[in-house]
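Colleague: This one is model23.tsv, TSV, C-alpha atoms.
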```
chain	number	residue	atom	x	y	z
A	1161	MET	CA	0.00	0.00	0.00
A	1162	THR	CA	1.23	3.53	-0.80
A	1163	TYR	CA	0.97	6.10	1.96
A	1164	THR	CA	0.77	9.78	1.03
A	1165	GLU	CA	0.12	13.01	2.89
A	1166	ALA	CA	-3.43	12.96	1.52
A	1167	SER	CA	-4.15	9.39	2.66
A	1168	MET	CA	-2.66	10.14	6.09
A	1169	SER	CA	-4.81	13.28	6.36
A	1170	ALA	CA	-7.94	11.21	5.72
A	1171	LEU	CA	-6.95	8.81	8.53
A	1172	ARG	CA	-6.52	11.83	10.81
A	1173	GLN	CA	-10.23	12.62	10.54
A	1174	ALA	CA	-11.51	9.11	11.34
A	1175	GLY	CA	-12.25	7.58	14.73
A	1176	ASP	CA	-13.89	4.23	15.54
A	1177	GLU	CA	-17.49	4.20	14.35
A	1178	LEU	CA	-18.73	1.23	16.39
A	1179	ALA	CA	-17.11	2.20	19.69
A	1180	ASP	CA	-17.95	5.88	19.27
A	1181	ALA	CA	-21.64	5.12	18.69
A	1182	THR	CA	-21.73	2.77	21.69
A	1183	VAL	CA	-20.18	5.33	24.04
A	1184	ALA	CA	-22.39	8.15	22.76
A	1185	THR	CA	-25.50	6.09	23.49
A	1186	LEU	CA	-24.29	5.11	26.97
A	1187	PHE	CA	-23.78	8.77	27.87
A	1188	GLU	CA	-27.05	9.84	26.24
A	1189	ARG	CA	-28.97	7.30	28.32
A	1190	GLY	CA	-27.03	7.93	31.53
A	1191	GLU	CA	-25.84	4.29	31.65
A	1192	VAL	CA	-22.05	4.74	31.95
A	1193	GLY	CA	-21.99	4.14	35.73
A	1194	LYS	CA	-24.08	0.99	35.43
A	1195	PHE	CA	-21.84	-0.27	32.60
A	1196	ASN	CA	-18.62	0.30	34.57
A	1197	THR	CA	-19.99	-1.38	37.69
A	1198	LEU	CA	-21.24	-4.47	35.88
A	1199	MET	CA	-18.19	-4.79	33.62
A	1200	ARG	CA	-15.84	-5.17	36.57
A	1201	TYR	CA	-17.27	-8.68	36.78
A	1202	VAL	CA	-16.48	-9.38	33.12
A	1203	SER	CA	-12.72	-9.79	32.92
A	1204	THR	CA	-12.23	-13.18	31.27
A	1205	VAL	CA	-13.19	-14.78	27.97
A	1206	GLY	CA	-16.35	-16.88	28.30
A	1207	ALA	CA	-17.67	-15.10	31.39
A	1208	PRO	CA	-21.45	-14.61	31.08
A	1209	LEU	CA	-22.56	-11.04	30.55
A	1210	PRO	CA	-24.33	-9.78	33.70
A	1211	GLU	CA	-28.04	-9.14	33.91
A	1212	GLY	CA	-28.93	-5.49	33.60
A	1213	LEU	CA	-26.09	-4.66	31.21
A	1214	PRO	CA	-27.25	-1.86	28.87
A	1215	ASP	CA	-28.50	-3.25	25.55
A	1216	VAL	CA	-26.12	-1.12	23.48
A	1217	ALA	CA	-23.16	-2.37	25.50
A	1218	ARG	CA	-24.31	-5.97	25.20
A	1219	ALA	CA	-24.57	-5.59	21.41
A	1220	TYR	CA	-21.06	-4.08	21.26
A	1221	LEU	CA	-19.55	-6.84	23.41
A	1222	GLU	CA	-21.21	-9.53	21.30
A	1223	ALA	CA	-19.94	-7.93	18.08
A	1224	THR	CA	-16.33	-7.65	19.31
A	1225	ARG	CA	-15.90	-10.86	21.32
A	1226	THR	CA	-14.23	-12.87	18.56
A	1227	VAL	CA	-10.93	-12.37	16.78
A	1228	PRO	CA	-10.77	-11.51	13.06
A	1229	THR	CA	-11.42	-14.44	10.75
A	1230	TRP	CA	-8.06	-13.94	9.04
A	1231	VAL	CA	-5.95	-14.67	12.15
A	1232	ASP	CA	-3.20	-17.24	11.54
A	1233	TRP	CA	-2.80	-19.15	14.81
A	1234	GLY	CA	0.59	-20.52	13.75
A	1235	GLU	CA	1.90	-16.95	13.46
A	1236	MET	CA	0.40	-16.06	16.83
A	1237	GLU	CA	2.21	-18.98	18.46
A	1238	LYS	CA	5.49	-17.87	16.87
A	1239	ALA	CA	4.86	-14.39	18.27
A	1240	ARG	CA	4.25	-15.81	21.74
A	1241	LEU	CA	7.49	-17.78	21.64
A	1242	PHE	CA	9.33	-14.69	20.39
A	1243	PHE	CA	7.95	-12.75	23.35
A	1244	ILE	CA	8.99	-15.46	25.82
A	1245	ASP	CA	12.50	-15.52	24.34
A	1246	ASN	CA	12.86	-11.73	24.47
A	1247	ASN	CA	10.44	-10.59	27.17
A	1248	VAL	CA	12.88	-8.54	29.24
A	1249	HIS	CA	14.28	-6.87	26.10
A	1250	ILE	CA	10.77	-6.15	24.81
A	1251	SER	CA	9.82	-4.64	28.18
A	1252	THR	CA	12.92	-2.45	27.98
A	1253	ALA	CA	12.02	-1.31	24.46
A	1254	LEU	CA	8.40	-0.58	25.40
A	1255	SER	CA	9.47	1.44	28.44
A	1256	PHE	CA	12.42	3.38	27.07
A	1257	ALA	CA	11.60	3.71	23.36
A	1258	SER	CA	7.89	3.18	22.62
A	1259	MET	CA	6.55	5.37	25.42
A	1260	PRO	CA	8.92	8.31	24.75
A	1261	ALA	CA	8.12	8.01	21.03
A	1262	CYS	CA	4.45	8.67	21.84
A	1263	TYR	CA	5.53	11.89	23.54
A	1264	LEU	CA	7.38	12.95	20.39
A	1265	VAL	CA	4.08	13.54	18.59
A	1266	PRO	CA	2.98	16.94	19.96
A	1267	ARG	CA	-0.76	16.38	19.47
A	1268	VAL	CA	-0.55	13.00	21.25
A	1269	ALA	CA	1.37	14.61	24.11
A	1270	LYS	CA	-1.24	17.40	24.20
A	1271	LEU	CA	-4.04	14.82	24.34
A	1272	LEU	CA	-2.39	13.04	27.27
A	1273	SER	CA	-1.97	16.40	28.97
A	1274	THR	CA	-5.61	17.35	28.37
A	1275	THR	CA	-6.78	14.06	29.89
A	1276	HIS	CA	-4.54	14.55	32.95
A	1277	GLY	CA	-2.12	11.87	31.78
A	1278	LEU	CA	0.79	13.95	33.03
A	1279	LYS	CA	-0.11	13.30	36.65
A	1280	TYR	CA	-0.09	9.51	36.63
A	1281	PRO	CA	2.30	8.09	33.99
A	1282	SER	CA	2.57	4.90	36.05
A	1283	LYS	CA	-1.08	4.11	35.30
A	1284	ARG	CA	-0.56	4.26	31.55
A	1285	MET	CA	2.61	2.15	31.84
A	1286	ALA	CA	0.85	-0.36	34.08
A	1287	GLU	CA	-2.10	-0.64	31.69
A	1288	THR	CA	0.22	-1.10	28.70
A	1289	GLY	CA	2.36	-3.69	30.48
A	1290	GLN	CA	-0.63	-5.64	31.74
A	1291	PHE	CA	-2.25	-5.55	28.27
A	1292	THR	CA	0.93	-6.93	26.64
A	1293	VAL	CA	1.22	-9.71	29.21
A	1294	TYR	CA	-2.41	-10.69	28.57
A	1295	LEU	CA	-1.75	-10.80	24.83
A	1296	MET	CA	1.28	-13.07	25.07
A	1297	GLN	CA	-0.29	-15.76	27.25
A	1298	PRO	CA	-0.66	-19.16	25.53
A	1299	ASP	CA	-4.43	-19.05	26.08
A	1300	ALA	CA	-4.90	-15.36	25.21
A	1301	PHE	CA	-7.94	-16.06	23.04
A	1302	GLU	CA	-9.39	-19.02	24.93
A	1303	ALA	CA	-11.93	-19.31	27.74
A	1304	GLY	CA	-10.61	-17.88	30.99
A	1305	SER	CA	-8.08	-15.48	29.46
A	1306	ARG	CA	-8.16	-11.73	30.01
A	1307	PHE	CA	-6.96	-10.29	26.69
A	1308	ILE	CA	-10.20	-9.95	24.69
A	1309	PRO	CA	-12.22	-8.28	27.51
A	1310	ALA	CA	-9.30	-5.90	28.07
A	1311	ALA	CA	-9.20	-5.04	24.36
A	1312	GLN	CA	-12.96	-4.45	24.30
A	1313	LYS	CA	-12.71	-2.07	27.26
A	1314	VAL	CA	-9.66	-0.20	25.94
A	1315	ARG	CA	-11.51	0.40	22.67
A	1316	LEU	CA	-14.42	1.96	24.58
A	1317	LEU	CA	-11.97	3.94	26.71
A	1318	HIS	CA	-10.51	5.52	23.58
A	1319	ALA	CA	-14.03	6.30	22.33
A	1320	SER	CA	-14.90	7.94	25.65
A	1321	ILE	CA	-11.87	10.20	25.40
A	1322	ARG	CA	-13.00	11.31	21.94
A	1323	HIS	CA	-16.51	11.88	23.34
A	1324	HIS	CA	-15.35	13.99	26.28
A	1325	LEU	CA	-12.90	16.11	24.30
A	1326	ALA	CA	-15.62	17.01	21.78
A	1327	ARG	CA	-18.38	17.56	24.37
A	1328	GLU	CA	-16.21	19.63	26.70
A	1329	ASN	CA	-14.68	21.64	23.83
A	1330	LEU	CA	-11.15	20.66	24.90
A	1331	TRP	CA	-9.80	19.73	21.47
A	1332	ASP	CA	-9.14	21.76	18.32
A	1333	THR	CA	-10.35	19.30	15.67
A	1334	ASP	CA	-9.60	21.71	12.81
A	1335	THR	CA	-5.95	21.85	13.84
A	1336	TYR	CA	-5.30	18.36	15.21
A	1337	GLY	CA	-7.94	16.18	13.57
A	1338	THR	CA	-10.00	13.63	15.48
A	1339	PRO	CA	-8.48	12.75	18.87
A	1340	ILE	CA	-7.10	9.18	18.98
A	1341	CYS	CA	-7.68	9.09	15.22
A	1342	GLN	CA	-6.95	6.19	12.90
A	1343	GLU	CA	-3.61	7.73	11.93
A	1344	ASP	CA	-2.48	7.92	15.57
A	1345	MET	CA	-3.83	4.45	16.39
A	1346	ILE	CA	-1.80	3.01	13.52
A	1347	GLY	CA	1.16	5.14	14.59
A	1348	GLY	CA	0.85	3.76	18.12
A	1349	GLN	CA	0.70	0.25	16.70
A	1350	MET	CA	3.99	0.98	14.89
A	1351	PHE	CA	5.59	2.31	18.08
A	1352	PHE	CA	4.66	-0.85	19.99
A	1353	SER	CA	5.70	-3.24	17.22
A	1354	LEU	CA	8.18	-1.99	14.61
A	1355	LEU	CA	9.89	0.45	16.96
A	1356	VAL	CA	10.28	-2.34	19.52
A	1357	LEU	CA	11.96	-4.48	16.86
A	1358	ASP	CA	14.21	-1.55	15.91
A	1359	SER	CA	15.14	-1.10	19.57
A	1360	LEU	CA	15.97	-4.78	19.99
A	1361	HIS	CA	18.18	-4.48	16.92
A	1362	ARG	CA	19.85	-1.41	18.43
A	1363	LEU	CA	20.45	-3.36	21.65
A	1364	GLY	CA	22.17	-6.08	19.64
A	1365	ILE	CA	19.51	-8.73	20.24
A	1366	HIS	CA	19.73	-11.68	17.88
A	1367	MET	CA	16.32	-12.07	16.22
A	1368	SER	CA	15.16	-14.33	13.44
A	1369	ALA	CA	13.34	-12.67	10.56
A	1370	GLU	CA	10.51	-15.13	11.16
A	1371	GLY	CA	10.22	-14.14	14.82
A	1372	ALA	CA	10.24	-10.42	14.03
A	1373	GLU	CA	7.52	-10.81	11.42
A	1374	ALA	CA	5.39	-12.86	13.82
A	1375	TYR	CA	5.72	-10.25	16.56
A	1376	TYR	CA	4.56	-7.55	14.14
A	1377	TYR	CA	1.71	-9.81	13.04
A	1378	ALA	CA	0.51	-10.17	16.64
A	1379	TRP	CA	0.25	-6.38	16.93
A	1380	ARG	CA	-1.75	-6.30	13.70
A	1381	VAL	CA	-4.25	-8.57	15.47
A	1382	VAL	CA	-4.19	-6.22	18.47
A	1383	GLY	CA	-4.90	-3.28	16.17
A	1384	ALA	CA	-7.89	-5.07	14.67
A	1385	MET	CA	-9.26	-5.78	18.14
A	1386	LEU	CA	-8.84	-2.10	19.05
A	1387	GLY	CA	-10.78	-0.83	16.05
A	1388	VAL	CA	-7.92	0.01	13.67
A	1389	ASP	CA	-9.04	0.20	10.03
A	1390	GLN	CA	-7.62	-2.97	8.48
A	1391	ASP	CA	-7.80	-1.49	4.98
A	1392	ALA	CA	-5.34	1.19	6.07
A	1393	VAL	CA	-2.99	-0.66	8.40
A	1394	PRO	CA	0.39	-1.83	6.99
A	1395	LYS	CA	0.33	-5.58	6.33
A	1396	THR	CA	4.10	-6.19	6.15
A	1397	LEU	CA	7.20	-4.88	7.88
A	1398	ASP	CA	8.22	-3.05	4.69
A	1399	GLU	CA	4.83	-1.29	4.53
A	1400	ALA	CA	5.09	-0.55	8.25
A	1401	ARG	CA	8.45	1.10	7.68
A	1402	ARG	CA	7.04	3.35	4.96
A	1403	PHE	CA	4.09	4.35	7.17
A	1404	LEU	CA	6.28	5.03	10.22
A	1405	ASP	CA	8.79	7.07	8.20
A	1406	LEU	CA	6.06	9.33	6.83
A	1407	TYR	CA	4.29	9.59	10.19
A	1408	MET	CA	7.52	10.59	11.94
A	1409	VAL	CA	8.53	13.13	9.29
A	1410	GLN	CA	5.09	14.74	9.35
A	1411	HIS	CA	4.41	14.83	13.08
A	1412	MET	CA	7.36	14.31	15.39
A	1413	GLY	CA	8.89	17.29	17.16
A	1414	PRO	CA	9.35	19.07	20.49
A	1415	SER	CA	6.51	20.25	22.70
A	1416	PRO	CA	6.17	21.41	26.32
A	1417	GLU	CA	3.76	18.54	27.02
A	1418	GLY	CA	6.17	15.99	25.55
A	1419	THR	CA	9.00	17.31	27.69
A	1420	LEU	CA	6.94	17.14	30.87
A	1421	LEU	CA	5.63	13.64	30.08
A	1422	THR	CA	9.19	12.45	29.55
A	1423	ARG	CA	10.33	13.97	32.84
A	1424	GLN	CA	7.47	12.19	34.59
A	1425	LEU	CA	8.45	8.92	32.92
A	1426	ILE	CA	12.09	9.27	33.92
A	1427	ASP	CA	11.11	10.08	37.51
A	1428	LEU	CA	8.83	7.05	37.57
A	1429	TYR	CA	11.53	4.63	36.51
A	1430	GLU	CA	14.14	6.18	38.75
A	1431	GLU	CA	11.78	5.33	41.61
A	1432	VAL	CA	11.58	1.72	40.38
A	1433	VAL	CA	15.37	1.36	40.13
A	1434	PRO	CA	16.75	0.57	43.62
A	1435	GLY	CA	18.87	3.31	45.18
A	1436	THR	CA	20.16	6.31	43.25
A	1437	LEU	CA	23.47	5.12	41.76
A	1438	PHE	CA	21.82	3.66	38.67
A	1439	ASP	CA	19.21	6.39	38.18
A	1440	PRO	CA	21.08	7.99	35.26
A	1441	ILE	CA	20.84	4.75	33.26
A	1442	VAL	CA	17.13	5.53	32.69
A	1443	SER	CA	17.93	8.70	30.75
A	1444	ALA	CA	20.87	7.04	29.04
A	1445	LEU	CA	18.72	4.16	27.77
A	1446	ILE	CA	16.07	6.52	26.42
A	1447	ARG	CA	18.72	8.58	24.65
A	1448	HIS	CA	20.39	5.45	23.24
A	1449	LEU	CA	17.12	4.00	21.90
A	1450	VAL	CA	15.41	7.11	20.49
A	1451	GLY	CA	18.56	8.90	19.33
A	1452	ASP	CA	20.09	12.23	20.27
A	1453	THR	CA	17.83	14.44	18.16
A	1454	CYS	CA	14.61	13.03	19.62
A	1455	ALA	CA	16.11	12.88	23.11
A	1456	ASP	CA	17.03	16.57	22.85
A	1457	TRP	CA	13.46	17.40	21.74
A	1458	LEU	CA	12.23	15.64	24.90
A	1459	GLN	CA	14.98	17.30	26.98
A	1460	VAL	CA	16.30	13.95	28.17
A	1461	PRO	CA	19.34	14.87	30.30
A	1462	ARG	CA	22.79	13.78	29.23
A	1463	THR	CA	24.57	11.67	31.85
A	1464	ARG	CA	27.83	9.89	32.48
A	1465	TRP	CA	26.05	6.67	31.51
A	1466	ASP	CA	25.51	7.77	27.89
A	1467	THR	CA	28.77	6.17	26.79
A	1468	LEU	CA	28.60	3.16	29.10
A	1469	VAL	CA	25.10	2.19	27.92
A	1470	LYS	CA	26.50	1.62	24.44
A	1471	ALA	CA	28.21	-1.45	25.87
A	1472	VAL	CA	24.82	-3.06	26.55
A	1473	PRO	CA	24.74	-4.88	23.16
A	1474	HIS	CA	28.09	-6.53	23.96
A	1475	LEU	CA	26.85	-7.70	27.36
A	1476	LEU	CA	23.63	-9.03	25.84
A	1477	GLY	CA	25.72	-10.79	23.19
A	1478	VAL	CA	27.56	-12.67	25.93
A	1479	LEU	CA	24.28	-13.65	27.57
A	1480	GLU	CA	22.87	-14.84	24.23
A	1481	THR	CA	25.96	-17.00	23.71
A	1482	ILE	CA	25.34	-18.62	27.10
A	1483	GLU	CA	21.69	-19.11	26.17
A	1484	ASP	CA	22.52	-20.70	22.80
A	1485	ARG	CA	25.14	-23.11	24.15
A	1486	SER	CA	23.57	-24.21	27.42
A	1487	PRO	CA	20.00	-25.48	27.89
A	1488	LEU	CA	20.35	-24.79	31.61
A	1489	GLY	CA	21.63	-21.28	30.89
A	1490	ALA	CA	18.74	-20.68	28.49
A	1491	TRP	CA	16.25	-21.82	31.12
A	1492	ALA	CA	17.84	-19.64	33.80
A	1493	LEU	CA	17.88	-16.55	31.57
A	1494	ASP	CA	14.27	-17.12	30.51
A	1495	ARG	CA	13.20	-17.39	34.15
A	1496	LEU	CA	15.21	-14.26	35.01
A	1497	GLY	CA	13.54	-12.39	32.17
A	1498	HIS	CA	10.11	-13.54	33.30
A	1499	LEU	CA	10.75	-12.56	36.91
A	1500	THR	CA	12.16	-9.17	35.87
A	1501	SER	CA	9.05	-8.44	33.79
A	1502	VAL	CA	6.73	-9.57	36.58
A	1503	LEU	CA	8.56	-7.45	39.17
A	1504	GLU	CA	8.51	-4.41	36.88
A	1505	LEU	CA	4.77	-4.80	36.26
A	1506	SER	CA	4.13	-5.37	39.97
A	1507	SER	CA	5.99	-2.15	40.80
A	1508	LEU	CA	3.78	-0.20	38.39
A	1509	THR	CA	0.46	-1.80	39.31
A	1510	ARG	CA	1.30	-2.09	43.02
A	1511	GLY	CA	-0.10	-5.60	42.85
A	1512	ARG	CA	-3.53	-4.53	41.57
A	1513	VAL	CA	-5.38	-5.61	38.43
A	1514	MET	CA	-5.83	-2.56	36.21
A	1515	HIS	CA	-9.44	-1.91	35.16
A	1516	TYR	CA	-10.14	-0.13	31.88
A	1517	ALA	CA	-13.27	1.80	32.81
A	1518	ILE	CA	-15.07	4.55	30.90
A	1519	PRO	CA	-14.40	7.85	32.72
A	1520	ASP	CA	-17.58	9.80	33.32
A	1521	THR	CA	-15.62	13.06	33.00
A	1522	LEU	CA	-12.10	14.18	32.15
A	1523	LYS	CA	-12.06	16.39	35.20
A	1524	LYS	CA	-11.01	13.39	37.25
A	1525	ASP	CA	-7.31	12.62	37.16
A	1526	TYR	CA	-7.68	9.84	34.63
A	1527	ASP	CA	-4.92	8.59	32.35
A	1528	ILE	CA	-5.51	7.20	28.88
A	1529	PRO	CA	-3.77	4.73	28.15
A	1530	SER	CA	11.49	-17.73	20.83
A	1531	THR	CA	12.40	-21.10	19.77
A	1532	ALA	CA	12.41	-19.80	16.23
A	1533	PRO	CA	15.51	-20.68	14.16
A	1534	ARG	CA	18.43	-18.30	14.59
A	1535	ASN	CA	20.18	-18.96	11.30
A	1536	GLN	CA	18.63	-15.91	9.63
A	1537	ARG	CA	19.06	-12.62	11.48
A	1538	TRP	CA	16.40	-9.94	11.23
A	1539	THR	CA	17.60	-6.49	10.22
A	1540	PRO	CA	15.42	-3.41	9.83
A	1541	PRO	CA	14.34	-2.55	6.26
A	1542	ALA	CA	16.02	0.52	4.83
A	1543	ALA	CA	14.30	3.72	5.82
A	1544	THR	CA	12.31	5.32	3.01
A	1545	VAL	CA	9.66	7.97	2.82
A	1546	SER	CA	7.07	7.86	0.04
```
Can you give me the file's structure in the form of C-alpha cells?

Modeller:
Amino acid sequence: MTYTEASMSALRQAGDELADATVATLFERGEVGKFNTLMRYVSTVGAPLPEGLPDVARAYLEATRTVPTWVDWGEMEKARLFFIDNNVHISTALSFASMPACYLVPRVAKLLSTTHGLKYPSKRMAETGQFTVYLMQPDAFEAGSRFIPAAQKVRLLHASIRHHLARENLWDTDTYGTPICQEDMIGGQMFFSLLVLDSLHRLGIHMSAEGAEAYYYAWRVVGAMLGVDQDAVPKTLDEARRFLDLYMVQHMGPSPEGTLLTRQLIDLYEEVVPGTLFDPIVSALIRHLVGDTCADWLQVPRTRWDTLVKAVPHLLGVLETIEDRSPLGAWALDRLGHLTSVLELSSLTRGRVMHYAIPDTLKKDYDIPSTAPRNQRWTPPAATVS
C-alpha cells in the first residue's frame, strides 16, 4: 500500500465508528456508571454477561468478542514464543523507546496532557504492560483469558476520550484532527511493534526474521481488536516502515507537554530502580534508543552513563551466547527475564489488576492509556519515505 500526505490526512479525521456510537449512546442514556460497575465482573473470555447490562453495550460486546477471521494461529504462536524468548528486552524497548516516542508527537502529548495523563504516567505504563502480558499468554484467546475483555474495554476507553474532548470543547479538531484518530492508532501500533523491533536491533539482540515478522503480526491482530481500520494498516514490515517514516517526518517534534511527560516517565523509573546510583541509566537508555535528536526534543538529560550504555549490546551478546550453548543457561535466563518483567509490572500496578473503565468526565485525574531458528538474522528494512 502507498501512503501519502493525503491518505494520512484522511486517517486523521476518522475515529472508531462502532465504539464511538456505543459510548455516545451510553452517555445519552445515563448508563455509563451501570456499565462500569457491571463490567468489573467481566474480565475473562467466556464469562457470562451480567443481567442489567445496557443493551447497546451488550450488542457491542457480542460484536467484538471474537478475533478476526483472518488470524493465523501458527503466526500467533510464533509471536508468543518470540515474546517469551525476548520478554525482558521487549519490556525495555516498550518502556524506554515506545513510550517516549508517543511523547514525540505533539498532538498526542497534548491529548495526554488534556486528559490529565501527566499526573499519573505509572497508570498508563501499568495498563500497557498488563495488556501486553495478557496478549502473550498461551491461552490469550481461549476461555478464561483476560486479553479480549481488556481489548474491548480499551476500545471503549478511547471512544470515551473522543466523546469527552468534543463535548467539553477541549480539542481543536480543525488543527489536530480527530483525537485518537486512525492515523495515531496506527502510529501507536507501529511504536509498539516496529519500533520495539528496531530497539531490539539497536540493543544487539539476535532475532530471526521469522520471529520479528510474527511479533509484528501479533500487533496487527491487536490493532484489529482495538478498532484500527484494516484497509489502512500496513500488512508487512516493509509497509510498516514506509508508514512510520512518513508519520515521523510529518508529526514528530518538540513540545512542552512531551517534555513534561518524559520527565514524569524518567522520575517514575528512577523510583523503580533501587537506590540512586543507577538512576542515570534511565535517561541514558532513552537517549540510546530514540537517538540524540529526539532525546534533545524531549529534553532527556545527558549523563555519564551515555557512553557506558553503548556497551549493553556486547553484554547481551555474551548472555545470548550462554543461552545458545547451554539449555540450563537458556532456562535460567528465561526465568530471570520472566521474573524481571513480573517485578517491573508489579511495581507499576502495586499488585492490583488494572481496570479499563469509561471515565464519566475528564475532570477526574484519569490517564488514557522464541524457539524460532536463529540462522537468519532480522535487520530493519532501509528507511524510506514515500

Colleague: Can you work out the spacing between atom CA of A:Thr1204 and atom CA of A:Phe1307 in Å, to one decimal?

Modeller: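 Straight-line distance from atom CA of A:Thr1204 to atom CA of A:Phe1307 works out to 7.6 Å.
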
Colleague: So that I can check the surroundings of A:Thr1396, please list as a PyMOL selection string every protein, DNA and RNA residue that reaches within 10 Å of it, counting only C-alpha atoms and ignoring chain neighbours fewer than 5 positions away.

Modeller: chain A and resi 1161+1373+1376-1377+1380+1401

Colleague: For A:Gly1348, find every residue with an atom within 10 Å (counting all atoms listed in the file), except residues of its own chain fewer than 2 positions away, and show them as a ChimeraX atom specification.

Modeller: /A:1258-1259,1261-1262,1268,1340,1342-1346,1350-1355,1383,1404

Colleague: In Å to one decimal, how far is atom CA of A:Glu1430 from atom CA of A:Asn1247?

Modeller: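 Atom CA of A:Glu1430 lies at a distance of 20.7 Å from atom CA of A:Asn1247.
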
Colleague: As number ranges by chain, please: the residues near A:Glu1417 (cut-off 6 Å, only C-alpha atoms, same-chain neighbours under 2 positions excluded).

Modeller: A: 1269-1270, 1415, 1419-1420

Colleague: So what do you get for atom CA of A:Phe1256 versus atom CA of A:Ile1446, distance-wise?

Modeller: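 Here the two named atoms are 4.9 Å from each other.
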
Colleague: Could you check which of A:Ser1255, A:Thr1467, A:Thr1182, A:Thr1229 is closest to A:Val1356, using only C-alpha atoms?

Modeller: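 With only C-alpha atoms as the atom set, the closest residue is A:Ser1255.
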
Colleague: Return the single residue from A:Thr1252, A:Asp1215, A:Phe1242, A:Ala1179 that is closest to A:Ala1369, with distances computed using only C-alpha atoms.

Modeller: A:Phe1242

Colleague: Quick one: residues within 12 Å of A:Arg1267, only C-alpha atoms counted, chain neighbours fewer than 2 positions away excluded, as a PyMOL selection string?

Modeller: chain A and resi 1172+1262-1265+1269-1274+1331-1333+1335-1341+1343-1344+1410-1418

Colleague: Quick one: residues within 8 Å of (9.7, -11.4, 14.6) (file frame), counting all atoms listed in the file, please, as a ChimeraX atom specification.

Modeller: /A:1239,1242,1357,1367-1376,1538

Colleague: Might you pull out every residue within 6 Å of stretch 1316-1325 of chain A, with only C-alpha atoms counted and same-chain residues fewer than 2 positions away left off, and present them as a list in words?

Modeller: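 Final neighbour list, sorted by chain and number: Ala1179, Asp1180, Lys1313, Val1314, Arg1327, Glu1328, Asn1329, Leu1330, Trp1331, Pro1339 and Ile1518 of chain A.
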
Colleague: Residues within 10 Å of (17.0, -2.5, 17.5), file coordinates, counting all atoms listed in the file: what are they? Give the list as a ChimeraX atom specification.

Modeller: /A:1253,1354-1367,1449,1473,1538-1540

Colleague: Can I get the selection written as a short mmCIF file (atom, residue, chain, number, x, y, z; two decimals), in the frame of the given file, with C-alpha atoms?

Modeller:
```
data_model
loop_
_atom_site.label_atom_id
_atom_site.label_comp_id
_atom_site.auth_asym_id
_atom_site.auth_seq_id
_atom_site.Cartn_x
_atom_site.Cartn_y
_atom_site.Cartn_z
CA ALA A 1253 12.02 -1.31 24.46
CA LEU A 1354 8.18 -1.99 14.61
CA LEU A 1355 9.89 0.45 16.96
CA VAL A 1356 10.28 -2.34 19.52
CA LEU A 1357 11.96 -4.48 16.86
CA ASP A 1358 14.21 -1.55 15.91
CA SER A 1359 15.14 -1.10 19.57
CA LEU A 1360 15.97 -4.78 19.99
CA HIS A 1361 18.18 -4.48 16.92
CA ARG A 1362 19.85 -1.41 18.43
CA LEU A 1363 20.45 -3.36 21.65
CA GLY A 1364 22.17 -6.08 19.64
CA ILE A 1365 19.51 -8.73 20.24
CA HIS A 1366 19.73 -11.68 17.88
CA MET A 1367 16.32 -12.07 16.22
CA LEU A 1449 17.12 4.00 21.90
CA PRO A 1473 24.74 -4.88 23.16
CA TRP A 1538 16.40 -9.94 11.23
CA THR A 1539 17.60 -6.49 10.22
CA PRO A 1540 15.42 -3.41 9.83
#
```

Colleague: Let me make sure I understand: among A:Ala1455, A:Met1199, A:Leu1171, A:Ala1384, which one has the smallest atom-to-atom distance to A:Val1231 if we use all atoms listed in the file?

Modeller: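 Answer, going by the shortest atom-to-atom distance: A:Ala1384.
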